[in-house]
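Structure below is final-v8.txt: compact mmCIF, C-alpha atoms.
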```txt
# COMPACT_ATOMS: atom_id res chain seq x y z
CA THR A 1 34.47 -20.71 87.01
CA ILE A 2 36.92 -20.04 84.17
CA SER A 3 34.21 -20.69 81.57
CA ALA A 4 31.53 -18.60 83.31
CA HIS A 5 30.25 -15.44 81.63
CA VAL A 6 30.91 -13.59 84.88
CA ALA A 7 33.31 -14.88 87.53
CA ALA A 8 33.48 -13.38 91.02
CA MET A 9 34.97 -14.49 94.33
CA SER A 10 34.29 -13.56 97.91
CA PRO A 11 36.97 -13.04 100.59
CA GLY A 12 38.34 -16.16 102.25
CA THR A 13 37.82 -18.42 99.23
CA ASN A 14 40.21 -19.88 96.69
CA ILE A 15 40.24 -21.14 93.13
CA GLY A 16 42.42 -23.66 91.31
CA ALA A 17 43.99 -27.08 91.90
CA ALA A 18 42.11 -28.63 88.98
CA HIS A 19 44.60 -31.31 87.93
CA PRO A 20 42.69 -34.35 86.58
CA VAL A 21 42.45 -37.35 88.90
CA GLY A 22 40.70 -40.71 88.80
CA SER A 23 37.16 -41.32 90.02
CA GLY A 24 38.50 -42.35 93.43
CA GLY A 25 40.88 -39.39 93.74
CA GLU A 26 43.94 -41.35 92.58
CA ASP A 27 46.55 -40.11 90.11
CA VAL A 28 46.06 -40.93 86.44
CA LYS A 29 49.51 -42.13 85.41
CA GLY A 30 51.27 -42.90 82.16
CA VAL A 31 50.23 -41.89 78.68
CA MET A 32 46.59 -41.74 79.68
CA GLY A 33 47.42 -39.24 82.42
CA GLU A 34 49.28 -37.04 79.95
CA LYS A 35 46.42 -37.19 77.47
CA VAL A 36 43.82 -36.26 80.06
CA THR A 37 45.94 -33.43 81.49
CA ASN A 38 46.81 -31.93 78.10
CA ASP A 39 43.23 -32.17 76.90
CA THR A 40 41.87 -30.52 80.05
CA ALA A 41 44.52 -27.77 79.90
CA ALA A 42 43.65 -27.03 76.27
CA LEU A 43 39.98 -26.80 77.17
CA ALA A 44 40.77 -24.45 80.07
CA ARG A 45 42.85 -22.19 77.80
CA ALA A 46 40.10 -22.13 75.18
CA GLN A 47 37.42 -21.22 77.71
CA ALA A 48 39.59 -18.55 79.32
CA THR A 49 40.28 -16.97 75.93
CA LEU A 50 36.59 -17.08 75.06
CA ARG A 51 35.71 -15.21 78.28
CA GLY A 52 38.57 -12.71 78.07
CA ARG A 53 40.62 -14.23 80.88
CA ASP A 54 44.29 -15.21 81.02
CA PRO A 55 44.73 -18.60 79.26
CA GLN A 56 48.12 -19.27 80.89
CA THR A 57 46.66 -18.93 84.36
CA ALA A 58 43.89 -21.33 83.40
CA ALA A 59 46.46 -23.83 82.11
CA LEU A 60 48.56 -23.61 85.29
CA ILE A 61 45.49 -24.42 87.38
CA VAL A 62 45.25 -27.70 85.46
CA THR A 63 48.85 -28.70 84.76
CA LYS A 64 50.49 -27.49 88.00
CA SER A 65 47.46 -27.63 90.31
CA GLU A 66 48.09 -24.01 91.27
CA SER A 67 45.54 -22.39 93.55
CA PHE A 68 44.91 -18.68 94.09
CA SER A 69 43.33 -16.44 96.68
CA PRO A 70 40.65 -13.99 95.48
CA GLU A 71 43.17 -11.14 95.23
CA GLU A 72 45.68 -13.29 93.33
CA ALA A 73 42.99 -14.60 90.99
CA LEU A 74 41.86 -11.05 90.22
CA LYS A 75 45.44 -9.94 89.56
CA LYS A 76 46.05 -12.89 87.23
CA ARG A 77 42.75 -12.26 85.40
CA ALA A 78 41.20 -15.58 86.39
CA ILE A 79 38.09 -13.76 87.65
CA ASP A 80 36.36 -10.46 86.90
CA PHE A 81 35.91 -8.88 90.33
CA LEU A 82 35.64 -9.43 94.08
CA ALA A 83 32.26 -9.46 95.79
CA PRO A 84 32.04 -9.67 99.60
CA GLY A 85 28.31 -10.43 99.41
CA LEU A 86 25.25 -10.63 97.20
CA ASP A 87 24.57 -6.90 97.41
CA SER A 88 28.08 -6.16 96.15
CA LEU A 89 27.75 -8.79 93.43
CA LEU A 90 24.47 -7.35 92.15
CA LYS A 91 25.85 -3.83 92.21
CA GLN A 92 28.93 -4.77 90.15
CA LEU A 93 26.86 -6.84 87.73
CA ASP A 94 24.67 -3.87 86.79
CA GLY A 95 25.44 -2.72 83.27
CA ARG A 96 27.90 -5.53 82.54
CA LYS A 97 27.57 -7.04 79.06
CA VAL A 98 28.12 -10.68 78.16
CA SER A 99 28.17 -12.36 74.76
CA LEU A 100 25.93 -15.32 74.01
CA PRO A 101 25.83 -17.63 70.97
CA ASN A 102 24.44 -16.35 67.66
CA ASP A 103 25.91 -12.86 68.24
CA VAL A 104 23.53 -12.12 71.10
CA THR A 105 24.67 -9.62 73.73
CA LEU A 106 23.07 -9.56 77.16
CA THR A 107 23.28 -6.57 79.51
CA PHE A 108 22.68 -7.12 83.20
CA ASP A 109 20.16 -4.77 84.78
CA THR A 110 20.41 -5.35 88.52
CA LYS A 111 19.91 -1.80 89.70
CA GLY A 112 17.53 -1.67 92.65
CA PHE A 113 17.95 -5.36 93.48
CA ASP A 114 19.47 -6.59 96.72
CA ALA A 115 20.13 -9.92 98.44
CA ASP A 116 16.49 -10.20 99.51
CA SER A 117 15.41 -10.02 95.87
CA VAL A 118 17.39 -13.10 94.86
CA VAL A 119 15.26 -16.14 94.01
CA ARG A 120 17.07 -19.33 94.92
CA VAL A 121 16.35 -22.29 92.65
CA ASP A 122 16.78 -25.58 94.49
CA MET A 123 17.27 -28.93 92.85
CA SER A 124 14.13 -30.74 91.79
CA MET A 125 13.29 -34.09 93.37
CA LYS A 126 14.61 -35.87 90.29
CA GLN A 127 17.90 -33.97 90.49
CA LYS A 128 18.18 -34.70 94.22
CA VAL A 129 17.66 -38.43 93.60
CA LEU A 130 20.18 -38.47 90.75
CA HIS A 131 22.65 -36.47 92.83
CA MET A 132 22.32 -38.96 95.67
CA ILE A 133 22.83 -42.08 93.54
CA ALA A 134 25.60 -40.54 91.40
CA ASP A 135 28.14 -41.57 94.04
CA PRO A 136 30.10 -44.54 92.57
CA ASN A 137 29.98 -46.23 95.97
CA ILE A 138 26.17 -46.08 95.95
CA SER A 139 26.14 -47.38 92.37
CA ALA A 140 28.37 -50.32 93.27
CA LEU A 141 26.21 -51.10 96.31
CA LEU A 142 22.99 -51.00 94.26
CA ILE A 143 24.35 -53.28 91.54
CA THR A 144 25.78 -55.73 94.09
CA LEU A 145 22.53 -55.88 96.06
CA GLY A 146 20.55 -56.22 92.83
CA GLY A 147 22.66 -59.14 91.66
CA LEU A 148 22.40 -60.92 95.00
CA ALA A 149 18.64 -60.36 95.14
CA LEU A 150 18.16 -61.79 91.64
CA TYR A 151 20.33 -64.77 92.56
CA ALA A 152 18.11 -65.41 95.59
CA GLU A 153 14.98 -65.15 93.43
CA ILE A 154 16.33 -67.54 90.80
CA SER A 155 17.51 -69.98 93.47
CA SER A 156 14.02 -70.04 94.97
CA GLY A 157 12.46 -70.97 91.65
CA PHE A 158 10.93 -67.49 91.23
CA SER A 159 8.61 -68.07 94.17
CA LEU A 160 9.69 -65.33 96.61
CA LEU A 161 8.89 -62.28 94.41
CA VAL A 162 10.37 -59.73 96.85
CA PRO A 163 14.06 -60.39 96.00
CA GLY A 164 13.31 -60.39 92.28
CA ILE A 165 11.48 -57.08 92.35
CA PHE A 166 14.07 -55.51 94.65
CA GLY A 167 16.89 -56.79 92.44
CA LEU A 168 15.41 -55.35 89.26
CA PHE A 169 14.95 -51.95 90.91
CA CYS A 170 18.50 -51.92 92.24
CA LEU A 171 20.06 -52.95 88.93
CA LEU A 172 18.11 -50.41 86.88
CA ILE A 173 18.84 -47.53 89.24
CA GLY A 174 22.47 -48.62 89.62
CA PHE A 175 23.06 -48.67 85.86
CA VAL A 176 21.33 -45.30 85.50
CA SER A 177 23.57 -43.81 88.20
CA LEU A 178 26.67 -45.05 86.35
CA GLN A 179 25.25 -43.66 83.09
CA THR A 180 25.55 -47.13 81.59
CA ILE A 181 21.89 -46.60 80.78
CA PRO A 182 20.80 -43.03 79.88
CA VAL A 183 18.47 -41.47 82.44
CA ASN A 184 15.51 -41.26 80.07
CA VAL A 185 16.03 -44.87 78.92
CA GLY A 186 16.12 -45.95 82.56
CA GLY A 187 12.86 -44.08 83.13
CA ALA A 188 11.24 -45.80 80.16
CA LEU A 189 12.44 -49.20 81.41
CA LEU A 190 11.02 -48.48 84.87
CA PHE A 191 7.70 -47.55 83.25
CA ALA A 192 7.75 -50.80 81.27
CA LEU A 193 8.62 -52.74 84.42
CA GLY A 194 5.67 -51.13 86.20
CA PHE A 195 3.20 -52.22 83.53
CA ALA A 196 4.77 -55.69 83.40
CA LEU A 197 4.30 -56.05 87.16
CA LEU A 198 0.67 -54.97 86.83
CA GLY A 199 0.20 -57.65 84.19
CA ALA A 200 1.92 -60.24 86.36
CA GLU A 201 -0.46 -59.43 89.21
CA ILE A 202 -3.26 -61.01 87.16
CA PHE A 203 -1.51 -64.39 87.05
CA VAL A 204 0.49 -64.42 90.30
CA THR A 205 -1.01 -64.38 93.78
CA SER A 206 1.16 -61.73 95.43
CA TYR A 207 -1.41 -60.23 97.83
CA GLY A 208 -0.84 -56.77 96.37
CA LEU A 209 2.95 -56.85 96.48
CA LEU A 210 3.33 -56.70 92.71
CA THR A 211 0.87 -53.81 92.54
CA LEU A 212 2.82 -51.80 95.12
CA ALA A 213 6.06 -52.51 93.26
CA ALA A 214 4.40 -51.49 90.00
CA LEU A 215 3.25 -48.17 91.46
CA ALA A 216 6.75 -47.46 92.79
CA SER A 217 8.21 -48.33 89.39
CA LEU A 218 5.77 -46.03 87.60
CA PHE A 219 6.60 -43.18 89.98
CA LEU A 220 10.37 -43.55 89.58
CA GLY A 221 9.95 -44.01 85.84
CA GLY A 222 8.06 -40.73 85.67
CA LEU A 223 10.83 -38.96 87.58
CA PHE A 224 13.55 -40.28 85.27
CA LEU A 225 11.59 -40.05 82.02
CA VAL A 226 13.36 -36.82 81.00
CA ASP A 227 17.07 -36.30 81.67
CA PRO A 228 17.45 -33.04 83.66
CA ALA A 229 20.97 -32.60 82.28
CA SER A 230 19.74 -32.38 78.69
CA SER A 231 16.42 -30.60 79.06
CA ASP A 232 14.58 -28.27 81.41
CA MET A 233 11.38 -30.18 80.73
CA ARG A 234 10.22 -32.71 83.27
CA VAL A 235 7.15 -34.65 84.28
CA SER A 236 5.40 -32.50 86.87
CA LEU A 237 4.94 -33.99 90.32
CA GLY A 238 1.53 -32.33 90.26
CA LEU A 239 0.64 -34.73 87.46
CA LEU A 240 2.76 -37.75 88.39
CA ILE A 241 1.61 -38.16 92.00
CA PRO A 242 -2.16 -37.96 91.24
CA LEU A 243 -1.64 -40.25 88.23
CA VAL A 244 0.11 -42.97 90.23
CA ALA A 245 -2.28 -42.50 93.15
CA GLY A 246 -5.24 -42.77 90.77
CA VAL A 247 -3.94 -46.03 89.32
CA GLY A 248 -3.43 -47.34 92.85
CA LEU A 249 -6.94 -46.35 93.92
CA CYS A 250 -8.51 -47.95 90.85
CA LEU A 251 -6.63 -51.19 91.43
CA GLY A 252 -7.46 -51.11 95.13
CA LEU A 253 -11.15 -50.58 94.37
CA LEU A 254 -11.11 -53.41 91.85
CA GLY A 255 -9.46 -55.72 94.38
CA PHE A 256 -12.00 -54.74 97.03
CA LEU A 257 -14.91 -55.50 94.72
CA ILE A 258 -13.44 -58.88 93.77
CA VAL A 259 -12.86 -59.85 97.41
CA ARG A 260 -16.36 -58.73 98.38
CA ASP A 261 -17.87 -60.71 95.53
CA ARG A 262 -15.94 -63.82 96.54
CA ARG A 263 -17.05 -63.51 100.16
CA ARG A 264 -20.66 -63.21 99.06
CA GLY A 265 -20.33 -66.20 96.77
CA GLY A 266 -21.21 -64.07 93.76
CA ALA A 267 -21.79 -65.26 90.25
CA GLY A 268 -18.11 -65.02 89.44
CA VAL A 269 -17.16 -67.67 92.04
CA SER A 270 -18.41 -71.23 91.97
CA THR A 271 -19.99 -72.64 95.09
CA SER A 272 -19.35 -76.13 96.40
CA ASP A 273 -22.55 -77.43 94.80
CA GLN A 274 -21.52 -76.04 91.43
CA VAL A 275 -17.96 -77.33 91.34
CA VAL A 276 -18.26 -80.76 92.99
CA GLY A 277 -18.70 -83.38 90.29
CA ALA A 278 -17.39 -81.10 87.56
CA THR A 279 -14.47 -81.95 85.30
CA ALA A 280 -11.22 -80.11 86.00
CA ARG A 281 -8.36 -79.70 83.53
CA VAL A 282 -4.87 -79.57 85.03
CA GLN A 283 -3.05 -76.32 84.23
CA SER A 284 0.14 -76.84 86.27
CA VAL A 285 1.46 -79.44 88.70
CA ASP A 286 4.02 -79.43 91.47
CA ALA A 287 6.95 -81.83 91.61
CA ASP A 288 4.97 -84.63 93.27
CA GLY A 289 2.14 -84.44 90.74
CA LEU A 290 -0.41 -84.50 93.55
CA THR A 291 -0.88 -80.76 93.89
CA GLY A 292 -1.04 -77.85 91.51
CA ARG A 293 -3.60 -75.74 89.69
CA ALA A 294 -6.54 -76.72 87.54
CA TYR A 295 -9.43 -75.08 85.71
CA ALA A 296 -12.96 -75.97 86.77
CA ASN A 297 -16.12 -74.10 85.82
CA GLY A 298 -13.95 -71.55 84.01
CA GLU A 299 -11.99 -70.72 87.18
CA LEU A 300 -8.44 -71.48 88.26
CA TRP A 301 -8.17 -73.44 91.50
CA PHE A 302 -5.48 -75.02 93.62
CA PHE A 303 -6.00 -78.76 93.88
CA ASP A 304 -5.04 -81.90 95.78
CA SER A 305 -5.21 -85.19 93.92
CA ASP A 306 -5.37 -88.80 95.10
CA SER A 307 -3.06 -89.86 92.25
CA PRO A 308 -0.30 -88.16 90.23
CA LEU A 309 -1.52 -85.92 87.40
CA GLN A 310 0.13 -84.20 84.46
CA VAL A 311 -0.54 -80.92 82.69
CA GLY A 312 -3.53 -81.33 80.39
CA ASP A 313 -5.04 -84.26 82.30
CA GLU A 314 -8.71 -84.20 83.18
CA ALA A 315 -9.90 -85.21 86.62
CA TYR A 316 -13.13 -85.14 88.57
CA VAL A 317 -13.82 -82.90 91.54
CA ARG A 318 -14.67 -85.07 94.55
CA SER A 319 -15.08 -82.20 97.01
CA LEU A 320 -14.02 -78.69 97.92
CA ARG A 321 -11.90 -78.34 101.05
CA ASN A 322 -10.33 -75.09 102.30
CA VAL A 323 -10.89 -73.50 98.88
CA ARG A 324 -8.90 -76.32 97.24
CA LEU A 325 -10.30 -78.85 94.81
CA GLN A 326 -10.02 -82.47 95.84
CA LEU A 327 -9.50 -84.32 92.57
CA SER A 328 -9.76 -87.93 91.55
CA SER A 329 -8.68 -89.48 88.28
CA ARG A 330 -11.87 -91.55 88.32
CA ARG A 331 -15.45 -90.45 88.83
CA THR A 332 -16.77 -91.64 92.19
```
Would you encode the structure as C-alpha cells?
Amino acid sequence: TISAHVAAMSPGTNIGAAHPVGSGGEDVKGVMGEKVTNDTAALARAQATLRGRDPQTAALIVTKSESFSPEEALKKRAIDFLAPGLDSLLKQLDGRKVSLPNDVTLTFDTKGFDADSVVRVDMSMKQKVLHMIADPNISALLITLGGLALYAEISSGFSLLVPGIFGLFCLLIGFVSLQTIPVNVGGALLFALGFALLGAEIFVTSYGLLTLAALASLFLGGLFLVDPASSDMRVSLGLLIPLVAGVGLCLGLLGFLIVRDRRRGGAGVSTSDQVVGATARVQSVDADGLTGRAYANGELWFFDSDSPLQVGDEAYVRSLRNVRLQLSSRRT
C-alpha cells in the first residue's frame, strides 16, 4: 500500500504490522533478523518518499510493527484518502495525477463511472494453479510424494509406470512452486516430458497410460510456459486446449486403426502360417532366459522358449500360442 500510486482505505480496516518474519511466521533472530528488518525499513522509507508519504510512519510499520486505523493512517500520511465504497473511491480519483517512469504523468478521468462500471479482472487459470501450489506445505508434500513415487518405480525395475510418471509430475511442480526452477523453465521441462512420454509409448506397452500422461504434461507445460509474474503474455487456453485435444484425437485414431488392423489380420501383422517356421532374433530376455521379446517377420513378439536364450540369439518359431511365439533353439 505504501508504494501504491494511490492509497485509500475503507472504514473498519487497518494497515501496518509489517515486521519481517520467517516463512512459517516465526521470528527472524540474530544478525540476519537485523539485516532483514533494516533492509525492509529502508525500502519502505524509499517507497513512501517516492509517493509523497511520511517515511517515518512507513519505517515504524516495519521496525515496530505499528498498525493504524484508516483515520490514523490518513493523519500520519500513510494513505491519501478514505473511501467508504467504490463510488466514493472513483469520485475522489477523478482528476488526480500520478507520476510514472520516464517523466510520464497520468491523470485519472473517472467522472461518470460508478461501482457498476468497474471491470473485475480475476486470476487466470495459470495464476490460480501457481497460487494454489505456492504454499510451502503443498510444495513439501509434492516433493515428498514425488520422491516416494520414484523410489517405488525404481524398486519395481521400472515396470509399474504409474509411480514413475506421478513422481516426475510431483517433483517438477514442487520445484516450480518453490521457485527452485523458474516457472517458464518448468513449463519447458513439462513440454519435453510430454514428448518423451509420447516417444516412450512406441516402445512400451502401457495401454494408453503414457499417452494420457503425455497429454497432461503438454497441457501443464503450456500453462507454465510463460511466467505470469514477469509478463502479461500467456498461451491462450483457446489454443492450448484444442491443441492438446487434437494431439489426443490423432493418437486415439492411430491406435484405433492399428487395433482394427490387428484384429483383421492385416498386412502389418503376421498370421500363424507366416510366422511359424520363421527365424526369430532375441531382442530382450527375462531373468530365467526362457521368456522375453524377439523379432520375427519384422515384428516384435513376446516369446516362450524351451531352453534358455540370450540377447542376439536366433531361434526357430515352433508355434504361435496366445499371441506369443513358442521358440526352440533347434529346428523341428
Given all atoms listed in the file as the counted atoms, nearest of A:Ala315, A:Ile61, A:Ala287, A:Ile154 to Phe303 in chain A
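The answer is A:Ala315, which sits nearest to Phe303 in chain A.
Counting from CA of Leu239 in chain A, the distance to CA of Ser217 in chain A is 15.7 Å.
From CA of Thr40 in chain A back to CA of Ala8 in chain A, the distance works out to 22.0 Å.
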Suppose you want the space between CA of Gly194 in chain A and CA of Leu130 in chain A; what is it in Å?
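Atom-to-atom, CA of Gly194 in chain A to CA of Leu130 in chain A, that is 19.8 Å.
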Mind listing whatever residues come within 12 Å of the point (11.3, -61.5, 89.6)? Use all atoms listed in the file, file coordinates, and give them as a PyMOL selection string.
chain A and resi 146-147+149-169+193+196-197+200-201+204+206+209-210+213
Any idea what's packed within 10 Å of Arg281 in chain A, counting only C-alpha atoms, ignoring anything in its chain fewer than 5 positions away? Could you give it as JSON, numbers by chain?
{"A": [293, 294, 295, 296, 297, 298, 300, 310, 311, 312, 313, 314, 315, 316]}
Looking at A:Val6, A:Leu249, A:Ala134, A:Leu50, which one is nearest to Gln92 in chain A, with distances taken over only C-alpha atoms?
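Going through A:Val6, A:Leu249, A:Ala134, A:Leu50 one by one, the smallest distance to Gln92 in chain A is for A:Val6.
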Closest to Ile241 in chain A among A:Ala216, A:Val285, A:Ile138, A:Ile258, using all atoms listed in the file?
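Between A:Ala216, A:Val285, A:Ile138, A:Ile258, the residue approaching Ile241 in chain A most closely is A:Ala216.
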